[in-house]
Every structure is written in C-alpha cells, then in structure tokens.
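**Q** To be precise about what I am sending: the file is called model.txt and holds compact mmCIF, N, CA and C atoms.
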```txt
# COMPACT_ATOMS: atom_id res chain seq x y z
N MET A 1 -57.25 -32.27 -38.97
CA MET A 1 -56.68 -31.70 -40.17
C MET A 1 -56.97 -30.20 -40.26
N PHE A 2 -58.07 -29.77 -39.64
CA PHE A 2 -58.43 -28.35 -39.64
C PHE A 2 -57.34 -27.52 -38.97
N PHE A 3 -56.88 -27.98 -37.81
CA PHE A 3 -55.88 -27.22 -37.06
C PHE A 3 -54.53 -27.23 -37.77
N THR A 4 -54.23 -28.28 -38.52
CA THR A 4 -52.99 -28.32 -39.28
C THR A 4 -53.00 -27.24 -40.36
N LYS A 5 -54.09 -27.15 -41.10
CA LYS A 5 -54.20 -26.13 -42.15
C LYS A 5 -54.23 -24.73 -41.55
N LEU A 6 -54.93 -24.58 -40.43
CA LEU A 6 -54.97 -23.29 -39.75
C LEU A 6 -53.57 -22.90 -39.27
N GLY A 7 -52.82 -23.86 -38.75
CA GLY A 7 -51.45 -23.61 -38.32
C GLY A 7 -50.56 -23.18 -39.47
N GLN A 8 -50.75 -23.80 -40.63
CA GLN A 8 -49.95 -23.42 -41.80
C GLN A 8 -50.28 -21.99 -42.25
N VAL A 9 -51.55 -21.64 -42.24
CA VAL A 9 -51.96 -20.29 -42.63
C VAL A 9 -51.39 -19.26 -41.65
N ILE A 10 -51.52 -19.54 -40.36
CA ILE A 10 -50.99 -18.63 -39.35
C ILE A 10 -49.48 -18.50 -39.47
N ALA A 11 -48.80 -19.60 -39.73
CA ALA A 11 -47.35 -19.56 -39.88
C ALA A 11 -46.95 -18.68 -41.06
N TRP A 12 -47.61 -18.85 -42.20
CA TRP A 12 -47.28 -18.02 -43.37
C TRP A 12 -47.57 -16.55 -43.10
N LEU A 13 -48.68 -16.26 -42.45
CA LEU A 13 -49.00 -14.86 -42.15
C LEU A 13 -47.96 -14.24 -41.23
N LEU A 14 -47.55 -14.98 -40.21
CA LEU A 14 -46.53 -14.46 -39.30
C LEU A 14 -45.20 -14.21 -40.00
N VAL A 15 -44.81 -15.12 -40.88
CA VAL A 15 -43.55 -14.95 -41.60
C VAL A 15 -43.63 -13.75 -42.54
N ILE A 16 -44.74 -13.61 -43.24
CA ILE A 16 -44.89 -12.49 -44.19
C ILE A 16 -44.94 -11.15 -43.46
N VAL A 17 -45.77 -11.07 -42.42
CA VAL A 17 -45.91 -9.80 -41.68
C VAL A 17 -44.61 -9.45 -40.96
N GLY A 18 -44.01 -10.43 -40.30
CA GLY A 18 -42.76 -10.17 -39.59
C GLY A 18 -41.62 -9.80 -40.53
N GLY A 19 -41.54 -10.48 -41.66
CA GLY A 19 -40.50 -10.16 -42.64
C GLY A 19 -40.67 -8.78 -43.22
N SER A 20 -41.93 -8.41 -43.52
CA SER A 20 -42.15 -7.06 -44.05
C SER A 20 -41.85 -6.00 -43.01
N GLN A 21 -42.20 -6.25 -41.76
CA GLN A 21 -41.91 -5.26 -40.72
C GLN A 21 -40.40 -5.10 -40.55
N ALA A 22 -39.67 -6.19 -40.55
CA ALA A 22 -38.22 -6.12 -40.40
C ALA A 22 -37.58 -5.43 -41.60
N MET A 23 -38.05 -5.75 -42.81
CA MET A 23 -37.49 -5.10 -44.00
C MET A 23 -37.78 -3.61 -44.01
N LEU A 24 -39.00 -3.22 -43.63
CA LEU A 24 -39.34 -1.81 -43.57
C LEU A 24 -38.49 -1.09 -42.53
N ALA A 25 -38.28 -1.73 -41.39
CA ALA A 25 -37.46 -1.13 -40.34
C ALA A 25 -36.02 -0.96 -40.80
N PHE A 26 -35.47 -1.97 -41.50
CA PHE A 26 -34.12 -1.83 -42.03
C PHE A 26 -34.06 -0.69 -43.06
N ALA A 27 -35.07 -0.61 -43.92
CA ALA A 27 -35.08 0.45 -44.93
C ALA A 27 -35.15 1.83 -44.28
N VAL A 28 -35.98 1.98 -43.26
CA VAL A 28 -36.09 3.25 -42.57
C VAL A 28 -34.80 3.58 -41.84
N ALA A 29 -34.19 2.59 -41.22
CA ALA A 29 -32.97 2.82 -40.46
C ALA A 29 -31.82 3.26 -41.36
N PHE A 30 -31.73 2.71 -42.56
CA PHE A 30 -30.60 3.02 -43.43
C PHE A 30 -30.85 4.19 -44.36
N THR A 31 -32.10 4.65 -44.49
CA THR A 31 -32.36 5.75 -45.42
C THR A 31 -32.72 7.04 -44.69
N THR A 32 -33.87 7.06 -43.99
CA THR A 32 -34.35 8.31 -43.43
C THR A 32 -34.03 8.47 -41.95
N GLY A 33 -34.13 7.39 -41.21
CA GLY A 33 -33.91 7.47 -39.77
C GLY A 33 -35.10 8.09 -39.03
N GLN A 34 -36.24 8.21 -39.68
CA GLN A 34 -37.42 8.79 -39.05
C GLN A 34 -38.34 7.69 -38.54
N SER A 35 -37.90 6.97 -37.54
CA SER A 35 -38.69 5.85 -37.05
C SER A 35 -40.02 6.26 -36.42
N PRO A 36 -40.14 7.41 -35.73
CA PRO A 36 -41.46 7.73 -35.15
C PRO A 36 -42.54 7.91 -36.21
N ARG A 37 -42.15 8.29 -37.41
CA ARG A 37 -43.14 8.47 -38.47
C ARG A 37 -43.77 7.13 -38.89
N TYR A 38 -43.00 6.07 -38.86
CA TYR A 38 -43.47 4.78 -39.35
C TYR A 38 -43.83 3.79 -38.25
N PHE A 39 -43.20 3.89 -37.10
CA PHE A 39 -43.38 2.88 -36.06
C PHE A 39 -43.92 3.44 -34.76
N GLY A 40 -44.46 4.62 -34.77
CA GLY A 40 -44.96 5.21 -33.54
C GLY A 40 -43.80 5.64 -32.66
N SER A 41 -43.82 5.26 -31.42
CA SER A 41 -42.77 5.68 -30.50
C SER A 41 -41.60 4.69 -30.43
N LYS A 42 -41.70 3.57 -31.16
CA LYS A 42 -40.63 2.57 -31.11
C LYS A 42 -39.46 2.97 -31.99
N PRO A 43 -38.25 2.79 -31.51
CA PRO A 43 -37.09 2.99 -32.40
C PRO A 43 -36.99 1.85 -33.41
N THR A 44 -36.20 2.05 -34.44
CA THR A 44 -36.11 1.04 -35.50
C THR A 44 -35.55 -0.29 -34.99
N GLY A 45 -34.67 -0.24 -34.01
CA GLY A 45 -34.12 -1.49 -33.46
C GLY A 45 -35.19 -2.36 -32.84
N GLU A 46 -36.12 -1.75 -32.12
CA GLU A 46 -37.21 -2.53 -31.53
C GLU A 46 -38.15 -3.06 -32.60
N ALA A 47 -38.37 -2.30 -33.66
CA ALA A 47 -39.23 -2.77 -34.76
C ALA A 47 -38.59 -3.95 -35.47
N ILE A 48 -37.27 -3.90 -35.65
CA ILE A 48 -36.56 -5.02 -36.27
C ILE A 48 -36.66 -6.25 -35.38
N ASP A 49 -36.45 -6.06 -34.07
CA ASP A 49 -36.55 -7.19 -33.13
C ASP A 49 -37.94 -7.82 -33.16
N ALA A 50 -38.98 -6.98 -33.16
CA ALA A 50 -40.35 -7.50 -33.18
C ALA A 50 -40.63 -8.25 -34.48
N GLY A 51 -40.17 -7.71 -35.60
CA GLY A 51 -40.37 -8.39 -36.88
C GLY A 51 -39.67 -9.73 -36.94
N MET A 52 -38.45 -9.79 -36.45
CA MET A 52 -37.72 -11.05 -36.46
C MET A 52 -38.34 -12.05 -35.49
N LEU A 53 -38.89 -11.56 -34.39
CA LEU A 53 -39.58 -12.44 -33.45
C LEU A 53 -40.81 -13.07 -34.11
N TYR A 54 -41.56 -12.26 -34.86
CA TYR A 54 -42.72 -12.79 -35.59
C TYR A 54 -42.29 -13.86 -36.59
N VAL A 55 -41.18 -13.62 -37.28
CA VAL A 55 -40.68 -14.61 -38.25
C VAL A 55 -40.32 -15.91 -37.53
N LEU A 56 -39.62 -15.82 -36.42
CA LEU A 56 -39.22 -17.03 -35.68
C LEU A 56 -40.43 -17.78 -35.14
N ILE A 57 -41.42 -17.06 -34.64
CA ILE A 57 -42.64 -17.72 -34.15
C ILE A 57 -43.37 -18.38 -35.32
N GLY A 58 -43.40 -17.71 -36.47
CA GLY A 58 -44.02 -18.29 -37.66
C GLY A 58 -43.33 -19.57 -38.10
N VAL A 59 -42.01 -19.58 -38.05
CA VAL A 59 -41.26 -20.79 -38.41
C VAL A 59 -41.57 -21.92 -37.42
N ALA A 60 -41.63 -21.59 -36.14
CA ALA A 60 -41.93 -22.61 -35.14
C ALA A 60 -43.34 -23.18 -35.34
N VAL A 61 -44.31 -22.32 -35.60
CA VAL A 61 -45.69 -22.79 -35.84
C VAL A 61 -45.73 -23.63 -37.12
N GLY A 62 -44.97 -23.24 -38.13
CA GLY A 62 -44.92 -24.02 -39.37
C GLY A 62 -44.32 -25.40 -39.15
N ILE A 63 -43.28 -25.48 -38.33
CA ILE A 63 -42.69 -26.78 -38.02
C ILE A 63 -43.68 -27.68 -37.31
N VAL A 64 -44.39 -27.12 -36.35
CA VAL A 64 -45.40 -27.90 -35.62
C VAL A 64 -46.52 -28.35 -36.57
N ALA A 65 -46.92 -27.49 -37.49
CA ALA A 65 -47.96 -27.86 -38.45
C ALA A 65 -47.48 -28.98 -39.38
N GLU A 66 -46.21 -28.91 -39.79
CA GLU A 66 -45.67 -29.98 -40.64
C GLU A 66 -45.58 -31.30 -39.89
N ILE A 67 -45.21 -31.26 -38.63
CA ILE A 67 -45.18 -32.47 -37.81
C ILE A 67 -46.58 -33.04 -37.69
N SER A 68 -47.56 -32.18 -37.47
CA SER A 68 -48.95 -32.63 -37.36
C SER A 68 -49.42 -33.27 -38.67
N ARG A 69 -49.05 -32.67 -39.80
CA ARG A 69 -49.45 -33.23 -41.09
C ARG A 69 -48.80 -34.59 -41.31
N SER A 70 -47.54 -34.73 -40.92
CA SER A 70 -46.83 -35.99 -41.09
C SER A 70 -47.43 -37.09 -40.22
N VAL A 71 -47.75 -36.75 -38.98
CA VAL A 71 -48.36 -37.74 -38.07
C VAL A 71 -49.74 -38.15 -38.58
N ALA A 72 -50.50 -37.20 -39.10
CA ALA A 72 -51.82 -37.53 -39.63
C ALA A 72 -51.72 -38.44 -40.85
N ALA A 73 -50.72 -38.19 -41.70
CA ALA A 73 -50.53 -39.04 -42.88
C ALA A 73 -50.14 -40.45 -42.49
N LYS A 74 -49.27 -40.59 -41.49
CA LYS A 74 -48.87 -41.93 -41.04
C LYS A 74 -50.04 -42.66 -40.40
N ALA A 75 -50.87 -41.93 -39.66
CA ALA A 75 -52.04 -42.55 -39.04
C ALA A 75 -53.03 -43.02 -40.12
N GLU A 76 -53.12 -42.27 -41.20
CA GLU A 76 -54.03 -42.64 -42.29
C GLU A 76 -53.51 -43.90 -42.99
N VAL A 77 -52.21 -44.03 -43.17
CA VAL A 77 -51.62 -45.21 -43.80
C VAL A 77 -51.85 -46.43 -42.92
N LYS A 78 -51.62 -46.30 -41.62
CA LYS A 78 -51.86 -47.44 -40.71
C LYS A 78 -53.32 -47.82 -40.70
N LYS A 79 -54.21 -46.85 -40.79
CA LYS A 79 -55.65 -47.11 -40.78
C LYS A 79 -56.04 -47.90 -42.04
N GLN A 80 -55.42 -47.57 -43.18
CA GLN A 80 -55.74 -48.28 -44.41
C GLN A 80 -55.15 -49.69 -44.41
N GLU A 81 -54.00 -49.86 -43.76
CA GLU A 81 -53.39 -51.19 -43.69
C GLU A 81 -54.20 -52.15 -42.86
N LEU A 82 -54.90 -51.65 -41.87
CA LEU A 82 -55.70 -52.51 -41.00
C LEU A 82 -56.96 -53.01 -41.68
N LYS A 83 -57.40 -52.34 -42.70
CA LYS A 83 -58.64 -52.77 -43.39
C LYS A 83 -58.41 -53.90 -44.32
```
Starting from the file, lay out its structure as structure tokens.
**A**
Amino acid sequence: MFFTKLGQVIAWLLVIVGGSQAMLAFAVAFTTGQSPRYFGSKPTGEAIDAGMLYVLIGVAVGIVAEISRSVAAKAEVKKQELK
C-alpha cells in the first residue's frame, strides 16, 4: 500500500509540474517570445514538449497506482471472505 500512495503522490506532482511548465511555455510563446530568459537555452517548443511529456508520464503512473489500489482492495475482500 505504501508504493500505491507513493505512486499517487508522484503522479500528481508530475501532472502539476508538467502542466505548469507547459502553461508557462505557452504564455511565454504567445506574449514575449523571450524563451532564454525563462527556460535557459531551450526554445519554447522544447519546453512545451517536456511539460506535456511530464503530464503523460504522470497520467501513466496514476493509472498504474489506481490499478494497484484496485488489486489490493480485491485481495483484501477475498482475504476477508476466507475467514
């Protein structure tokens, strides 16, 4: 159960960080166009790609954590039925 909760926390962090990076990159791209100021040497397109990749990885980790939680709940029900 520890790894399930850890997976959920990691998934939420990845989604939040990736979403904020992508939103900031979109804002910079459409307003100032000064990507080196905010993203170092990366252009805004690469920052958007990286942010969206973090979001997708976060969603995948969240799905795996939900599957783990569901399997653990079913195992607990079967364990109680045997008693």
**Q** Between A:Ala60, A:Ala50, A:Ile10, A:Ala65, which one has atoms that come closest to Ala22 (chain A), using only C-alpha atoms?
**A** A:Ala50
**Q** Return the single residue from A:Ala29, A:Val71, A:Met1, A:Val55 that is closest to Ile16 (chain A), with distances computed using all atoms listed in the file.
**A**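 Selected residue with least distance to Ile16 (chain A): A:Val55.
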**Q** Go through A:Gly51, A:Ile67, A:Phe3, A:Gln80 one by one, measure the shortest atom-to-atom distance of each to Gln21 (chain A) using all atoms listed in the file, and give the residue with the smallest value.
**A** A:Gly51
**Q** For the point (-39.8, -0.5, -45.1) in the file's frame, write as a list of chain:residue names all residues with an atom no more than 12 Å away, counting only C-alpha atoms.
**A**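 Within 12 Å of (-39.8, -0.5, -45.1), the protein and nucleic acid residues are A:Val17, A:Gly18, A:Gly19, A:Ser20, A:Gln21, A:Ala22, A:Met23, A:Leu24, A:Ala25, A:Phe26, A:Ala27, A:Val28, A:Ala29, A:Phe30, A:Thr31, A:Thr32, A:Gly33, A:Gln34, A:Ser35, A:Arg37, A:Tyr38, A:Phe39, A:Thr44, A:Ala47, A:Ile48, A:Gly51.
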**Q** By how many Å are CA of Phe2 (chain A) and CA of Val77 (chain A) apart?
**A** 18.7 Å
**Q** Please compute the atom C of Leu14 (chain A)-CA of Gly45 (chain A) distance, one decimal, in Å.
**A** 18.1 Å
**Q** Between atom N of Gly40 (chain A) and atom N of Leu53 (chain A), what is the distance in Å, rounded to a tenth?
**A**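 Separating atom N of Gly40 (chain A) from atom N of Leu53 (chain A) is a distance of 17.1 Å.
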**Q** I want to know what sits within 7 Å of Val61 (chain A), based on all atoms listed in the file, with residues of the same chain fewer than 4 positions away left out; could you give that as a list in words?
**A** Gly7, Gln8, Ile10, Ala11, Leu56, Ile57, Ala65 and Glu66 of chain A
**Q** Can you give me all heavy atoms for region 20-31 of chain A, written as a short mmCIF file (atom, residue, chain, number, x, y, z; two decimals), in the frame of the given file?
**A**
```cif
data_model
loop_
_atom_site.label_atom_id
_atom_site.label_comp_id
_atom_site.auth_asym_id
_atom_site.auth_seq_id
_atom_site.Cartn_x
_atom_site.Cartn_y
_atom_site.Cartn_z
N SER A 20 -41.93 -8.41 -43.52
CA SER A 20 -42.15 -7.06 -44.05
C SER A 20 -41.85 -6.00 -43.01
O SER A 20 -41.31 -4.95 -43.35
CB SER A 20 -43.55 -6.83 -44.60
OG SER A 20 -44.39 -7.85 -44.45
N GLN A 21 -42.20 -6.25 -41.76
CA GLN A 21 -41.91 -5.26 -40.72
C GLN A 21 -40.40 -5.10 -40.55
O GLN A 21 -39.90 -3.98 -40.45
CB GLN A 21 -42.53 -5.66 -39.39
CG GLN A 21 -42.27 -4.65 -38.30
CD GLN A 21 -42.94 -5.01 -36.98
OE1 GLN A 21 -43.67 -5.99 -36.90
NE2 GLN A 21 -42.69 -4.23 -35.96
N ALA A 22 -39.67 -6.19 -40.55
CA ALA A 22 -38.22 -6.12 -40.40
C ALA A 22 -37.58 -5.43 -41.60
O ALA A 22 -36.68 -4.59 -41.44
CB ALA A 22 -37.63 -7.52 -40.21
N MET A 23 -38.05 -5.75 -42.81
CA MET A 23 -37.49 -5.10 -44.00
C MET A 23 -37.78 -3.61 -44.01
O MET A 23 -36.92 -2.80 -44.36
CB MET A 23 -38.03 -5.76 -45.27
CG MET A 23 -37.41 -7.09 -45.57
SD MET A 23 -37.78 -7.74 -47.21
CE MET A 23 -39.56 -7.72 -47.25
N LEU A 24 -39.00 -3.22 -43.63
CA LEU A 24 -39.34 -1.81 -43.57
C LEU A 24 -38.49 -1.09 -42.53
O LEU A 24 -38.01 0.02 -42.76
CB LEU A 24 -40.83 -1.63 -43.26
CG LEU A 24 -41.32 -0.19 -43.13
CD1 LEU A 24 -41.20 0.53 -44.45
CD2 LEU A 24 -42.74 -0.17 -42.63
N ALA A 25 -38.28 -1.73 -41.39
CA ALA A 25 -37.46 -1.13 -40.34
C ALA A 25 -36.02 -0.96 -40.80
O ALA A 25 -35.39 0.07 -40.53
CB ALA A 25 -37.53 -1.97 -39.07
N PHE A 26 -35.47 -1.97 -41.50
CA PHE A 26 -34.12 -1.83 -42.03
C PHE A 26 -34.06 -0.69 -43.06
O PHE A 26 -33.11 0.10 -43.06
CB PHE A 26 -33.65 -3.13 -42.69
CG PHE A 26 -33.01 -4.09 -41.74
CD1 PHE A 26 -33.60 -5.32 -41.49
CD2 PHE A 26 -31.83 -3.78 -41.11
CE1 PHE A 26 -33.02 -6.22 -40.63
CE2 PHE A 26 -31.23 -4.68 -40.23
CZ PHE A 26 -31.83 -5.90 -39.99
N ALA A 27 -35.07 -0.61 -43.92
CA ALA A 27 -35.08 0.45 -44.93
C ALA A 27 -35.15 1.83 -44.28
O ALA A 27 -34.44 2.75 -44.70
CB ALA A 27 -36.27 0.25 -45.87
N VAL A 28 -35.98 1.98 -43.26
CA VAL A 28 -36.09 3.25 -42.57
C VAL A 28 -34.80 3.58 -41.84
O VAL A 28 -34.33 4.72 -41.85
CB VAL A 28 -37.30 3.24 -41.60
CG1 VAL A 28 -37.26 4.43 -40.66
CG2 VAL A 28 -38.60 3.23 -42.38
N ALA A 29 -34.19 2.59 -41.22
CA ALA A 29 -32.97 2.82 -40.46
C ALA A 29 -31.82 3.26 -41.36
O ALA A 29 -31.02 4.11 -40.97
CB ALA A 29 -32.58 1.55 -39.71
N PHE A 30 -31.73 2.71 -42.56
CA PHE A 30 -30.60 3.02 -43.43
C PHE A 30 -30.85 4.19 -44.36
O PHE A 30 -29.93 4.67 -45.00
CB PHE A 30 -30.19 1.80 -44.24
CG PHE A 30 -29.51 0.76 -43.40
CD1 PHE A 30 -30.05 -0.52 -43.30
CD2 PHE A 30 -28.36 1.04 -42.71
CE1 PHE A 30 -29.43 -1.48 -42.53
CE2 PHE A 30 -27.72 0.08 -41.94
CZ PHE A 30 -28.27 -1.18 -41.85
N THR A 31 -32.10 4.65 -44.49
CA THR A 31 -32.36 5.75 -45.42
C THR A 31 -32.72 7.04 -44.69
O THR A 31 -31.98 8.01 -44.73
CB THR A 31 -33.47 5.38 -46.42
OG1 THR A 31 -34.64 5.01 -45.70
CG2 THR A 31 -33.03 4.26 -47.33
#
```
